[in-house]
Amino acid sequence: IPTTIEKLDQFDSQNLANTVWAYATIGHPASELFEAMAAALKVTASMSSADNNGSINKLDTFNSQAISNTAWAYASMGHYTPSSKLFLDALAKSAIKKLGQFNSQEMAITTWGYATLNHPSPKLFDAISYQAIQKLPTFNSQGIANTVWAYATMGHSAPELFNSISQLLIERIEIINSQAIITNAATHGRVGYPMGNLSPKFSNNTSSSSTSSSTNKIDNFSSQAIANTVWAYATAGHTDARLFDAMSQLALLKLLSFNSQEIANTVWAYATIGHPAPELFNAISNLAISELDTFNSQELVNTLWAFATL
């Protein structure tokens, strides 16, 4: 690490981003390195071209992948110091200039990073909200869940984004549910929602898809994505009955993969907005009873509160 710090001024933007990404990926503590990089880039970003003796501000050379990977790395390592706060402000300004280059994954990762560190950046979140709506069909379920989670966590209002995501999810879930019914009927000789964790696979091959572009990125929703999405909508106070009905049916398909936190967050969300989901709650009740020893105190309290409220 000391040698790397000494040579930071020789690193280009890609090497800088790759370095912190690598340390974060393996979970290796490198606070001195993260601090040195934040300090160096924060300084160059704040210097005028005259002060910089004509040199290029390295943050201006960061592409969308470098920006998102850097935000992810700092968040994953929980590195949040006075110097890194200023650096994140500078990184956000660079991101806003280049949002047109960001793909859906990079937007989701960037918002997740800022929210995980609880670092407010309203201009960045406003800009990403607009850009995300334009590219929404390219988001997968995890990207959607991470994005709405980030906005809800930061308390950043984005009604147009949430409305657009809600409509997209409803369309995708309708296809997932219809495929699950067909699969179950073929397997059991009857039509109905299967109990348990049925996870049919769907093609992401848009060239052979006959559905609209909004459903081209159908994939398997994970239990975490389901729980985080309904939690985010409830936390943001964005109540869409059709979405919560659809998510309820989807959760039933994946219920056996839910852990205690996901169970607690899901029932909390439905109770918070006062949306009845008796079939889901009955199924969760049976699952929760068998998994009670895995619940921590907060999860247990939230689950009991939700059942008492609804």
# chains A, B, ... in the order shown; residues from 1 in each chain; ligands from 1
call {"tool": "residues_around", "arguments": {"residues": "segment 21-34 of chain A", "least_positions_apart": "4", "cutoff": "12 Å", "atoms": "only C-alpha atoms", "output": "PyMOL selection string"}}
result
chain A and resi 1-8+14-17+38-42+65-81+83-85+87-88
call {"tool": "residues_around", "arguments": {"residues": "Thr294 of chain A", "least_positions_apart": "4", "cutoff": "10 Å", "atoms": "only C-alpha atoms", "output": "ChimeraX atom specification"}}
result
/A:259-261,288,290,299-300
call {"tool": "residues_around", "arguments": {"residues": "Thr61 of chain A", "least_positions_apart": "4", "cutoff": "9 Å", "atoms": "only C-alpha atoms", "output": "count of residues only"}}
result
6
call {"tool": "closest_residue", "arguments": {"among": "A:Ile284, A:Val301, A:Lys123, A:Ile170", "to": "Met247 of chain A", "atoms": "only C-alpha atoms"}}
result
A:Ile170
call {"tool": "closest_residue", "arguments": {"among": "A:Phe258, A:Trp149, A:Phe125, A:Phe11", "to": "Ala95 of chain A", "atoms": "only C-alpha atoms"}}
result
A:Phe125
call {"tool": "atom_distance", "arguments": {"atom1": "atom CA of Phe244 of chain A", "atom2": "atom CA of Asn296 of chain A"}}
result
25.7 Å
call {"tool": "closest_residue", "arguments": {"among": "A:Asn146, A:Asn63, A:Gln249, A:Ser104", "to": "Thr229 of chain A", "atoms": "only C-alpha atoms"}}
result
A:Asn146
call {"tool": "closest_residue", "arguments": {"among": "A:Leu292, A:Ile173, A:Ile165, A:Ala308", "to": "Ser248 of chain A", "atoms": "only C-alpha atoms"}}
result
A:Ile173
